[in-house]
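Undergrad: Sharing start.pdb here; it has PDB, C-alpha atoms.
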ATOM      1  CA  MET Y 377      11.485  27.865   9.740
ATOM      2  CA  SER Y 378      13.624  25.456   7.679
ATOM      3  CA  GLU Y 379      12.742  24.802   4.050
ATOM      4  CA  THR Y 380      10.501  21.804   3.348
ATOM      5  CA  PRO Y 381      12.530  18.868   1.932
ATOM      6  CA  PRO Y 382      11.686  18.057  -1.715
ATOM      7  CA  HIS Y 383      10.151  14.657  -0.879
ATOM      8  CA  ARG Y 384       7.673  16.376   1.449
ATOM      9  CA  ARG Y 385       6.528  19.067  -0.944
ATOM     10  CA  THR Y 386       3.108  18.596  -2.467
ATOM     11  CA  PRO Y 387       3.592  17.897  -6.193
ATOM     12  CA  ALA Y 388       2.123  20.347  -8.654
ATOM     13  CA  GLY Y 389      -1.468  19.488  -9.465
ATOM     14  CA  ALA Y 390      -1.923  17.304  -6.352
ATOM     15  CA  LEU Y 391      -4.421  17.956  -3.567
ATOM     16  CA  GLN Y 392      -2.524  19.303  -0.582
ATOM     17  CA  THR Y 393      -4.826  17.810   2.051
ATOM     18  CA  VAL Y 394      -4.626  14.326   0.540
ATOM     19  CA  ASP Y 395      -0.866  14.589   0.139
ATOM     20  CA  ARG Y 396      -0.476  15.635   3.772
ATOM     21  CA  ALA Y 397      -2.588  12.708   4.952
ATOM     22  CA  LEU Y 398      -0.360  10.326   3.006
ATOM     23  CA  LEU Y 399       2.764  11.926   4.477
ATOM     24  CA  VAL Y 400       1.351  11.262   7.937
ATOM     25  CA  LEU Y 401       0.839   7.568   7.134
ATOM     26  CA  LEU Y 402       4.360   7.275   5.734
ATOM     27  CA  ALA Y 403       5.795   8.715   8.956
ATOM     28  CA  PHE Y 404       4.962   5.513  10.850
ATOM     29  CA  GLU Y 405       7.847   3.026  10.960
ATOM     30  CA  ARG Y 406       9.072   0.176  13.133
ATOM     31  CA  THR Y 407      11.366   2.604  14.950
ATOM     32  CA  ARG Y 408       8.559   5.150  15.294
ATOM     33  CA  PRO Y 409       5.297   3.200  15.678
ATOM     34  CA  ASP Y 410       3.246   5.958  17.320
ATOM     35  CA  TRP Y 411       2.841   9.719  17.047
ATOM     36  CA  GLY Y 412       1.121  12.463  18.990
ATOM     37  CA  VAL Y 413      -0.609  15.492  17.512
ATOM     38  CA  THR Y 414       2.065  17.949  18.630
ATOM     39  CA  GLU Y 415       4.853  15.713  17.327
ATOM     40  CA  ILE Y 416       3.272  15.413  13.885
ATOM     41  CA  ALA Y 417       2.725  19.163  13.747
ATOM     42  CA  LYS Y 418       6.374  19.813  14.636
ATOM     43  CA  GLU Y 419       7.684  17.117  12.290
ATOM     44  CA  PHE Y 420       6.001  18.653   9.235
ATOM     45  CA  GLY Y 421       5.836  22.296  10.291
ATOM     46  CA  TRP Y 422       2.017  22.404  10.431
ATOM     47  CA  ASP Y 423      -0.394  24.035  12.854
ATOM     48  CA  THR Y 424      -1.545  21.647  15.564
ATOM     49  CA  SER Y 425      -5.122  22.119  14.387
ATOM     50  CA  VAL Y 426      -4.164  20.844  10.927
ATOM     51  CA  ALA Y 427      -2.341  17.857  12.422
ATOM     52  CA  GLN Y 428      -5.304  17.068  14.681
ATOM     53  CA  ARG Y 429      -7.799  17.085  11.813
ATOM     54  CA  LEU Y 430      -5.590  14.876   9.658
ATOM     55  CA  LEU Y 431      -5.019  12.318  12.410
ATOM     56  CA  SER Y 432      -8.695  12.271  13.384
ATOM     57  CA  THR Y 433      -9.790  11.805   9.770
ATOM     58  CA  LEU Y 434      -7.373   8.915   9.214
ATOM     59  CA  ALA Y 435      -8.506   7.315  12.462
ATOM     60  CA  GLY Y 436     -12.139   7.710  11.430
ATOM     61  CA  ARG Y 437     -11.486   5.633   8.301
ATOM     62  CA  GLY Y 438      -9.497   2.992  10.148
ATOM     63  CA  PHE Y 439      -6.058   3.898   8.828
ATOM     64  CA  LEU Y 440      -4.985   4.899  12.332
ATOM     65  CA  VAL Y 441      -6.118   3.942  15.823
ATOM     66  CA  SER Y 442      -6.004   6.290  18.805
ATOM     67  CA  ASP Y 443      -4.977   5.331  22.333
ATOM     68  CA  THR Y 444      -7.425   7.261  24.499
ATOM     69  CA  ALA Y 445      -5.106   7.033  27.507
ATOM     70  CA  THR Y 446      -1.989   8.468  25.848
ATOM     71  CA  ARG Y 447      -3.681  10.349  22.971
ATOM     72  CA  ARG Y 448      -1.176   8.831  20.576
ATOM     73  CA  TYR Y 449      -1.880   7.246  17.207
ATOM     74  CA  ARG Y 450      -0.785   3.951  15.624
ATOM     75  CA  ILE Y 451      -1.362   2.302  12.243
ATOM     76  CA  GLY Y 452      -4.889   0.903  11.953
ATOM     77  CA  PRO Y 453      -6.540  -2.127  10.342
ATOM     78  CA  ALA Y 454      -7.380  -0.414   7.041
ATOM     79  CA  ALA Y 455      -3.660  -0.068   6.315
ATOM     80  CA  LEU Y 456      -3.156  -3.777   7.055
ATOM     81  CA  ARG Y 457      -5.949  -4.740   4.662
ATOM     82  CA  LEU Y 458      -4.471  -2.646   1.856
ATOM     83  CA  GLY Y 459      -0.997  -4.000   2.559
ATOM     84  CA  ARG Y 460      -2.143  -7.595   2.167
ATOM     85  CA  LEU Y 461      -4.070  -6.750  -0.973
ATOM     86  CA  TRP Y 462      -1.064  -4.926  -2.443
ATOM     87  CA  GLU Y 463       1.260  -7.939  -2.180
ATOM     88  CA  ARG Y 464      -1.230 -10.220  -3.962
ATOM     89  CA  SER Y 465      -2.709  -7.838  -6.514
ATOM     90  CA  GLY Y 466       0.021  -8.110  -9.143
ATOM     91  CA  SER Y 467       1.061  -4.492  -8.637
ATOM     92  CA  LEU Y 468       4.255  -5.536  -6.889
ATOM     93  CA  GLU Y 469       5.295  -7.770  -9.788
ATOM     94  CA  LEU Y 470       4.450  -4.958 -12.210
ATOM     95  CA  LEU Y 471       6.772  -2.552 -10.389
ATOM     96  CA  ALA Y 472       9.590  -5.045  -9.859
ATOM     97  CA  GLY Y 473       9.468  -6.647 -13.322
ATOM     98  CA  PRO Y 474      11.582  -4.152 -15.285
ATOM     99  CA  VAL Y 475      14.352  -4.178 -12.669
ATOM    100  CA  LEU Y 476      14.429  -7.972 -12.503
ATOM    101  CA  GLU Y 477      14.381  -8.426 -16.277
ATOM    102  CA  GLU Y 478      17.296  -6.010 -16.718
ATOM    103  CA  LEU Y 479      19.258  -7.730 -13.945
ATOM    104  CA  GLY Y 480      18.667 -11.116 -15.566
ATOM    105  CA  ARG Y 481      19.827  -9.821 -18.958
ATOM    106  CA  THR Y 482      22.946  -8.222 -17.471
ATOM    107  CA  THR Y 483      24.127 -11.167 -15.378
ATOM    108  CA  GLY Y 484      22.604 -14.147 -17.185
ATOM    109  CA  ASP Y 485      21.500 -15.515 -13.799
ATOM    110  CA  THR Y 486      18.078 -16.353 -12.438
ATOM    111  CA  VAL Y 487      16.684 -13.412 -10.444
ATOM    112  CA  LEU Y 488      14.340 -13.724  -7.465
ATOM    113  CA  PHE Y 489      12.528 -11.030  -5.500
ATOM    114  CA  CYS Y 490      11.173 -12.564  -2.303
ATOM    115  CA  LEU Y 491       9.134 -11.410   0.697
ATOM    116  CA  PRO Y 492       8.817 -13.016   4.137
ATOM    117  CA  ASP Y 493       5.955 -15.458   4.581
ATOM    118  CA  SER Y 494       5.851 -17.009   8.055
ATOM    119  CA  PHE Y 495       9.100 -19.040   8.390
ATOM    120  CA  HIS Y 496       9.859 -18.815   4.664
ATOM    121  CA  MET Y 497      10.632 -16.355   1.907
ATOM    122  CA  ARG Y 498       8.045 -16.386  -0.871
ATOM    123  CA  CYS Y 499       9.044 -15.471  -4.418
ATOM    124  CA  VAL Y 500       6.738 -12.685  -5.635
ATOM    125  CA  ALA Y 501       8.579 -11.895  -8.881
ATOM    126  CA  GLY Y 502      11.353 -13.509 -10.875
ATOM    127  CA  ALA Y 503      13.231 -13.485 -14.149
ATOM    128  CA  GLU Y 504      15.188 -16.211 -15.945
ATOM    129  CA  GLY Y 505      18.681 -15.410 -17.174
ATOM    130  CA  LYS Y 506      20.260 -16.501 -20.435
ATOM    131  CA  SER Y 507      21.914 -19.435 -18.665
ATOM    132  CA  GLY Y 508      18.560 -21.209 -18.593
ATOM    133  CA  PRO Y 509      15.926 -21.867 -15.951
ATOM    134  CA  LEU Y 510      16.887 -22.572 -12.359
ATOM    135  CA  ARG Y 511      13.573 -24.373 -11.899
ATOM    136  CA  TYR Y 512      11.378 -26.291 -14.330
ATOM    137  CA  TYR Y 513       8.222 -24.920 -12.732
ATOM    138  CA  PRO Y 514       7.115 -21.316 -12.094
ATOM    139  CA  LEU Y 515       9.392 -19.272  -9.838
ATOM    140  CA  VAL Y 516       6.618 -17.073  -8.480
ATOM    141  CA  GLY Y 517       5.018 -18.610  -5.426
ATOM    142  CA  GLU Y 518       7.997 -20.807  -4.511
ATOM    143  CA  LEU Y 519       8.798 -20.870  -0.781
ATOM    144  CA  TYR Y 520      12.378 -20.858   0.545
ATOM    145  CA  PRO Y 521      13.098 -21.892   4.146
ATOM    146  CA  ALA Y 522      14.223 -19.125   6.483
ATOM    147  CA  HIS Y 523      17.388 -20.936   7.591
ATOM    148  CA  ALA Y 524      18.747 -22.224   4.273
ATOM    149  CA  GLY Y 525      20.171 -20.243   1.365
ATOM    150  CA  ALA Y 526      21.219 -16.671   0.682
ATOM    151  CA  THR Y 527      17.748 -15.625  -0.492
ATOM    152  CA  SER Y 528      16.417 -16.026   3.046
ATOM    153  CA  LYS Y 529      19.520 -15.145   5.033
ATOM    154  CA  SER Y 530      19.887 -11.753   3.371
ATOM    155  CA  TYR Y 531      16.492 -10.750   4.770
ATOM    156  CA  TYR Y 532      16.439 -12.358   8.224
ATOM    157  CA  ALA Y 533      19.931 -11.072   9.035
ATOM    158  CA  PHE Y 534      18.625  -7.519   9.005
ATOM    159  CA  LEU Y 535      15.691  -8.039  11.348
ATOM    160  CA  PRO Y 536      16.103  -6.680  14.885
ATOM    161  CA  ASP Y 537      17.994  -9.302  16.904
ATOM    162  CA  GLU Y 538      15.186 -10.022  19.360
ATOM    163  CA  GLN Y 539      12.648 -10.502  16.572
ATOM    164  CA  ARG Y 540      14.963 -12.901  14.756
ATOM    165  CA  HIS Y 541      15.668 -14.812  17.973
ATOM    166  CA  ARG Y 542      11.945 -15.281  18.585
ATOM    167  CA  LEU Y 543      11.497 -16.687  15.081
ATOM    168  CA  PHE Y 544      14.332 -19.202  15.281
ATOM    169  CA  ARG Y 545      14.263 -20.117  18.956
ATOM    170  CA  ASP Y 546      13.319 -23.768  19.624
ATOM    171  CA  ARG Y 547      12.175 -24.275  16.043
ATOM    172  CA  PRO Y 548      13.066 -27.522  14.239
ATOM    173  CA  MET Y 549      15.016 -26.905  11.021
ATOM    174  CA  ALA Y 550      15.162 -29.356   8.152
ATOM    175  CA  ARG Y 551      18.433 -30.368   6.522
ATOM    176  CA  PHE Y 552      18.171 -30.131   2.715
ATOM    177  CA  THR Y 553      21.799 -30.870   1.814
ATOM    178  CA  GLU Y 554      24.967 -31.679   3.715
ATOM    179  CA  ARG Y 555      25.714 -27.925   3.768
ATOM    180  CA  THR Y 556      22.456 -26.836   5.375
ATOM    181  CA  VAL Y 557      23.103 -25.185   8.747
ATOM    182  CA  THR Y 558      20.647 -26.313  11.409
ATOM    183  CA  ASP Y 559      22.528 -25.436  14.611
ATOM    184  CA  PRO Y 560      20.919 -22.230  16.019
ATOM    185  CA  ASP Y 561      24.185 -20.806  17.359
ATOM    186  CA  LEU Y 562      26.032 -21.328  14.076
ATOM    187  CA  LEU Y 563      23.089 -19.903  12.182
ATOM    188  CA  GLU Y 564      23.036 -16.769  14.351
ATOM    189  CA  ARG Y 565      26.740 -16.225  13.710
ATOM    190  CA  GLU Y 566      26.046 -16.457   9.991
ATOM    191  CA  PHE Y 567      23.251 -13.894  10.275
ATOM    192  CA  LEU Y 568      25.591 -11.484  12.051
ATOM    193  CA  ARG Y 569      28.250 -11.982   9.360
ATOM    194  CA  VAL Y 570      25.711 -11.369   6.595
ATOM    195  CA  ARG Y 571      24.557  -8.157   8.267
ATOM    196  CA  ALA Y 572      28.142  -6.955   8.700
ATOM    197  CA  GLN Y 573      29.097  -7.520   5.046
ATOM    198  CA  GLY Y 574      25.724  -6.449   3.620
ATOM    199  CA  TYR Y 575      25.003  -9.541   1.518
ATOM    200  CA  ALA Y 576      24.577 -13.316   1.759
ATOM    201  CA  TRP Y 577      26.456 -15.896  -0.290
ATOM    202  CA  THR Y 578      25.722 -19.618  -0.165
ATOM    203  CA  VAL Y 579      26.576 -22.665  -2.258
ATOM    204  CA  GLY Y 580      24.501 -25.820  -2.106
ATOM    205  CA  GLU Y 581      22.657 -25.017   1.124
ATOM    206  CA  TYR Y 582      19.175 -25.542  -0.284
ATOM    207  CA  ASP Y 583      19.829 -27.081  -3.711
ATOM    208  CA  THR Y 584      22.958 -29.144  -4.333
ATOM    209  CA  GLY Y 585      25.224 -27.444  -6.863
ATOM    210  CA  ILE Y 586      23.348 -24.110  -6.841
ATOM    211  CA  ALA Y 587      25.117 -20.888  -5.799
ATOM    212  CA  THR Y 588      23.176 -17.821  -4.689
ATOM    213  CA  VAL Y 589      24.095 -14.264  -3.767
ATOM    214  CA  ALA Y 590      21.448 -11.998  -2.261
ATOM    215  CA  VAL Y 591      21.029  -8.556  -0.732
ATOM    216  CA  PRO Y 592      18.241  -7.118   1.402
ATOM    217  CA  VAL Y 593      15.623  -4.785  -0.047
ATOM    218  CA  PHE Y 594      14.530  -1.982   2.243
ATOM    219  CA  VAL Y 595      11.452   0.215   2.299
ATOM    220  CA  GLY Y 596      12.495   3.263   4.251
ATOM    221  CA  ARG Y 597      14.688   1.882   7.032
ATOM    222  CA  GLU Y 598      12.766  -1.394   7.271
ATOM    223  CA  PRO Y 599      13.948  -4.688   5.722
ATOM    224  CA  TYR Y 600      11.184  -5.626   3.296
ATOM    225  CA  GLY Y 601      12.474  -8.540   1.256
ATOM    226  CA  SER Y 602      15.481  -9.854  -0.650
ATOM    227  CA  LEU Y 603      16.829  -9.721  -4.192
ATOM    228  CA  SER Y 604      18.976 -12.631  -5.281
ATOM    229  CA  LEU Y 605      20.919 -14.079  -8.198
ATOM    230  CA  GLY Y 606      21.255 -17.837  -8.561
ATOM    231  CA  GLY Y 607      22.737 -20.362 -10.929
ATOM    232  CA  ALA Y 608      24.893 -23.439 -11.243
ATOM    233  CA  GLU Y 609      27.941 -23.329  -8.978
ATOM    234  CA  GLU Y 610      30.336 -23.333 -11.940
ATOM    235  CA  ARG Y 611      28.891 -19.987 -13.092
ATOM    236  CA  PHE Y 612      30.468 -18.367 -10.028
ATOM    237  CA  PRO Y 613      34.168 -19.329 -10.277
ATOM    238  CA  ASN Y 614      35.205 -16.153  -8.435
ATOM    239  CA  GLY Y 615      32.417 -16.191  -5.889
ATOM    240  CA  PRO Y 616      29.887 -13.346  -5.733
ATOM    241  CA  GLU Y 617      32.251 -10.370  -5.991
ATOM    242  CA  ASP Y 618      31.863  -9.693  -9.722
ATOM    243  CA  ARG Y 619      28.065  -9.456  -9.337
ATOM    244  CA  LEU Y 620      27.744  -7.511  -6.095
ATOM    245  CA  ASP Y 621      27.769  -3.976  -7.523
ATOM    246  CA  THR Y 622      25.217  -4.875 -10.189
ATOM    247  CA  LEU Y 623      23.000  -6.614  -7.633
ATOM    248  CA  ARG Y 624      23.202  -3.731  -5.154
ATOM    249  CA  ASN Y 625      22.396  -1.188  -7.855
ATOM    250  CA  ALA Y 626      19.357  -3.232  -8.862
ATOM    251  CA  ALA Y 627      18.203  -3.437  -5.232
ATOM    252  CA  ALA Y 628      18.529   0.345  -4.927
ATOM    253  CA  ALA Y 629      16.494   0.809  -8.127
ATOM    254  CA  LEU Y 630      13.853  -1.566  -6.784
ATOM    255  CA  GLU Y 631      13.686   0.334  -3.491
ATOM    256  CA  ARG Y 632      13.151   3.578  -5.393
ATOM    257  CA  ARG Y 633      10.299   2.054  -7.385
ATOM    258  CA  LEU Y 634       8.684   0.709  -4.211
ATOM    259  CA  THR Y 635       8.816   4.053  -2.410
ATOM    260  CA  HIS Y 636       8.335   6.372  -5.392
ATOM    261  CA  PRO Y 637       6.614   4.431  -8.192
ATOM    262  CA  PRO Y 638       7.120   5.803 -11.716
ATOM    263  CA  GLN Y 639       4.351   8.164 -12.705
ATOM    264  CA  PRO Y 640       2.526   7.865 -16.036
ATOM    265  CA  PRO Y 641       3.315  10.651 -18.484
ATOM    266  CA  ARG Y 642       1.028  13.652 -18.213
ATOM    267  CA  ARG Y 643      -1.423  14.054 -21.024
ATOM    268  CA  THR Y 644      -1.386  17.368 -22.734
ATOM    269  CA  PRO Y 645      -4.855  18.635 -23.610
ATOM    270  CA  SER Y 646      -5.582  18.228 -27.291
ATOM    271  CA  ARG Y 647      -6.303  21.384 -29.190
ATOM    272  CA  ARG Y 648      -9.278  21.403 -31.438
ATOM    273  CA  ASN Y 649      -9.132  23.240 -34.696
ATOM    274  CA  PRO Y 650     -11.453  26.231 -34.734
TER     275      PRO Y 650
END
Starting from the file, lay out its structure as structure tokens.
TA:
Amino acid sequence: MSETPPHRRTPAGALQTVDRALLVLLAFERTRPDWGVTEIAKEFGWDTSVAQRLLSTLAGRGFLVSDTATRRYRIGPAALRLGRLWERSGSLELLAGPVLEELGRTTGDTVLFCLPDSFHMRCVAGAEGKSGPLRYYPLVGELYPAHAGATSKSYYAFLPDEQRHRLFRDRPMARFTERTVTDPDLLEREFLRVRAQGYAWTVGEYDTGIATVAVPVFVGREPYGSLSLGGAEERFPNGPEDRLDTLRNAAAALERRLTHPPQPPRRTPSRRNP
């Protein structure tokens, strides 16, 4: 039997059963939305009886649902409830904050971390650079249209094609500036170009005179949101190239914090004097 990968080993001091249950939940992805008992057992190298008990327990608490016809499991409503709570609890901003603040200090630009919200991207965390504020009202909570600007395009470009087509098909799109693209065919070509090059770069598409470069943020293999840098057009005389490496490194750091949050330091037991 092959050695267990480090990310699947139960950390010292953790409860093995709980850790295994969490590994099962993390195995569900867009590309693998359902699992059977035998498949889970083989995936993690467990006995089928162990896999069965874990899946049944998670289903009993609503974290999974079982298809009685196929005997396969999918993510359940309890996971959805926690997911919605997580994005609005402040925990996300707490995790992202240090990465965004450092990126703002390094580049001097305004930094936005945005998540999809219907046909928009919603800013969930941000940081102002030394160049001054991009907005004169709070960044967090601002909505950016799906079809205009790099902040949105860097996320929607990485959705599966059919899902993106369903979102944009027959939908009216507002024109914010003379550079806003509203033709669906032209927009789709832009999405494909963004996906091929790995980033989005726009000037004046949503705000006149504002340049933005953005990259997708992934959780596992799934596009989760976008990380962007914005500022006055004159701050980008050479385009986005001199910021791309810094932006990509920050996105990678953010992805690590989202999948493996930093752990608080362990407390060492205090010794009492005899």
Undergrad: Quick one: everything within 10 Å of Phe534 of chain Y, counting all atoms listed in the file, minus sequence neighbours fewer than 4 positions away in the same chain. Send it as a list in words.
TA: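 Listing them by chain and then by number gives Lys529, Ser530, Arg540, Phe567, Leu568, Val570, Arg571, Ala572, Gly574, Pro592, Val593, Phe594, Glu598, Pro599, Tyr600 and Gly601 of chain Y.
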Undergrad: Enter the distance from atom CA of Gly473 of chain Y to atom CA of Ala397 of chain Y, in Å, rounded to one decimal.
TA: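 Straight-line distance from atom CA of Gly473 of chain Y to atom CA of Ala397 of chain Y works out to 29.2 Å.
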Undergrad: Can you list, as a PyMOL selection string, the residues that the PyMOL selection byres ((chain Y and resi 434) around 12) selects here?
TA: chain Y and resi 393-394+396-401+427-433+435-442+449-455
Undergrad: Just the selected residues (C-alpha atoms), exported as a short mmCIF file (atom, residue, chain, number, x, y, z; two decimals), in the frame of the given file, please.
TA:
data_model
loop_
_atom_site.label_atom_id
_atom_site.label_comp_id
_atom_site.auth_asym_id
_atom_site.auth_seq_id
_atom_site.Cartn_x
_atom_site.Cartn_y
_atom_site.Cartn_z
CA THR Y 393 -4.83 17.81 2.05
CA VAL Y 394 -4.63 14.33 0.54
CA ARG Y 396 -0.48 15.64 3.77
CA ALA Y 397 -2.59 12.71 4.95
CA LEU Y 398 -0.36 10.33 3.01
CA LEU Y 399 2.76 11.93 4.48
CA VAL Y 400 1.35 11.26 7.94
CA LEU Y 401 0.84 7.57 7.13
CA ALA Y 427 -2.34 17.86 12.42
CA GLN Y 428 -5.30 17.07 14.68
CA ARG Y 429 -7.80 17.08 11.81
CA LEU Y 430 -5.59 14.88 9.66
CA LEU Y 431 -5.02 12.32 12.41
CA SER Y 432 -8.70 12.27 13.38
CA THR Y 433 -9.79 11.80 9.77
CA ALA Y 435 -8.51 7.32 12.46
CA GLY Y 436 -12.14 7.71 11.43
CA ARG Y 437 -11.49 5.63 8.30
CA GLY Y 438 -9.50 2.99 10.15
CA PHE Y 439 -6.06 3.90 8.83
CA LEU Y 440 -4.99 4.90 12.33
CA VAL Y 441 -6.12 3.94 15.82
CA SER Y 442 -6.00 6.29 18.80
CA TYR Y 449 -1.88 7.25 17.21
CA ARG Y 450 -0.78 3.95 15.62
CA ILE Y 451 -1.36 2.30 12.24
CA GLY Y 452 -4.89 0.90 11.95
CA PRO Y 453 -6.54 -2.13 10.34
CA ALA Y 454 -7.38 -0.41 7.04
CA ALA Y 455 -3.66 -0.07 6.32
#
Undergrad: Pull out every residue that the PyMOL selection byres ((chain Y and resi 588) around 6) matches in the shown coordinates and put them as a ChimeraX atom specification.
TA: /Y:526,577-578,587,589,605-606
Undergrad: Y:Ala524, Y:Leu468, Y:Leu535, Y:Ala626: which is nearest Ala576 of chain Y, counting all atoms listed in the file?
TA: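 For Ala576 of chain Y, the nearest of the given residues is Y:Ala524.
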Undergrad: What is the distance, in Å and to one decimal place, between atom CA of Asp485 of chain Y and atom CA of Gly505 of chain Y?
TA: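 These atoms are spaced 4.4 Å apart.
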Undergrad: Can you fill out segment 414-425 of chain Y with N, CA and C atoms and hand it back as an mmCIF file, keeping the file's coordinate frame?
TA:
data_model
loop_
_atom_site.group_PDB
_atom_site.id
_atom_site.type_symbol
_atom_site.label_atom_id
_atom_site.label_comp_id
_atom_site.auth_asym_id
_atom_site.auth_seq_id
_atom_site.Cartn_x
_atom_site.Cartn_y
_atom_site.Cartn_z
ATOM 1 N N THR Y 414 1.022 16.918 18.599
ATOM 2 C CA THR Y 414 2.065 17.949 18.630
ATOM 3 C C THR Y 414 3.311 17.503 17.885
ATOM 4 N N GLU Y 415 3.661 16.228 18.010
ATOM 5 C CA GLU Y 415 4.853 15.713 17.327
ATOM 6 C C GLU Y 415 4.694 15.753 15.817
ATOM 7 N N ILE Y 416 3.516 15.363 15.331
ATOM 8 C CA ILE Y 416 3.272 15.413 13.885
ATOM 9 C C ILE Y 416 3.324 16.850 13.388
ATOM 10 N N ALA Y 417 2.717 17.750 14.141
ATOM 11 C CA ALA Y 417 2.725 19.163 13.747
ATOM 12 C C ALA Y 417 4.157 19.693 13.651
ATOM 13 N N LYS Y 418 4.983 19.345 14.627
ATOM 14 C CA LYS Y 418 6.374 19.813 14.636
ATOM 15 C C LYS Y 418 7.185 19.151 13.530
ATOM 16 N N GLU Y 419 6.940 17.861 13.303
ATOM 17 C CA GLU Y 419 7.684 17.117 12.290
ATOM 18 C C GLU Y 419 7.515 17.717 10.896
ATOM 19 N N PHE Y 420 6.284 18.155 10.580
ATOM 20 C CA PHE Y 420 6.001 18.653 9.235
ATOM 21 C C PHE Y 420 5.850 20.169 9.158
ATOM 22 N N GLY Y 421 5.952 20.841 10.306
ATOM 23 C CA GLY Y 421 5.836 22.296 10.291
ATOM 24 C C GLY Y 421 4.420 22.784 10.076
ATOM 25 N N TRP Y 422 3.419 22.031 10.595
ATOM 26 C CA TRP Y 422 2.017 22.404 10.431
ATOM 27 C C TRP Y 422 1.467 22.957 11.745
ATOM 28 N N ASP Y 423 0.336 23.650 11.651
ATOM 29 C CA ASP Y 423 -0.394 24.035 12.854
ATOM 30 C C ASP Y 423 -0.929 22.771 13.526
ATOM 31 N N THR Y 424 -1.023 22.820 14.853
ATOM 32 C CA THR Y 424 -1.545 21.647 15.564
ATOM 33 C C THR Y 424 -2.985 21.341 15.169
ATOM 34 N N SER Y 425 -3.740 22.368 14.798
ATOM 35 C CA SER Y 425 -5.122 22.119 14.387
ATOM 36 C C SER Y 425 -5.167 21.316 13.087
#
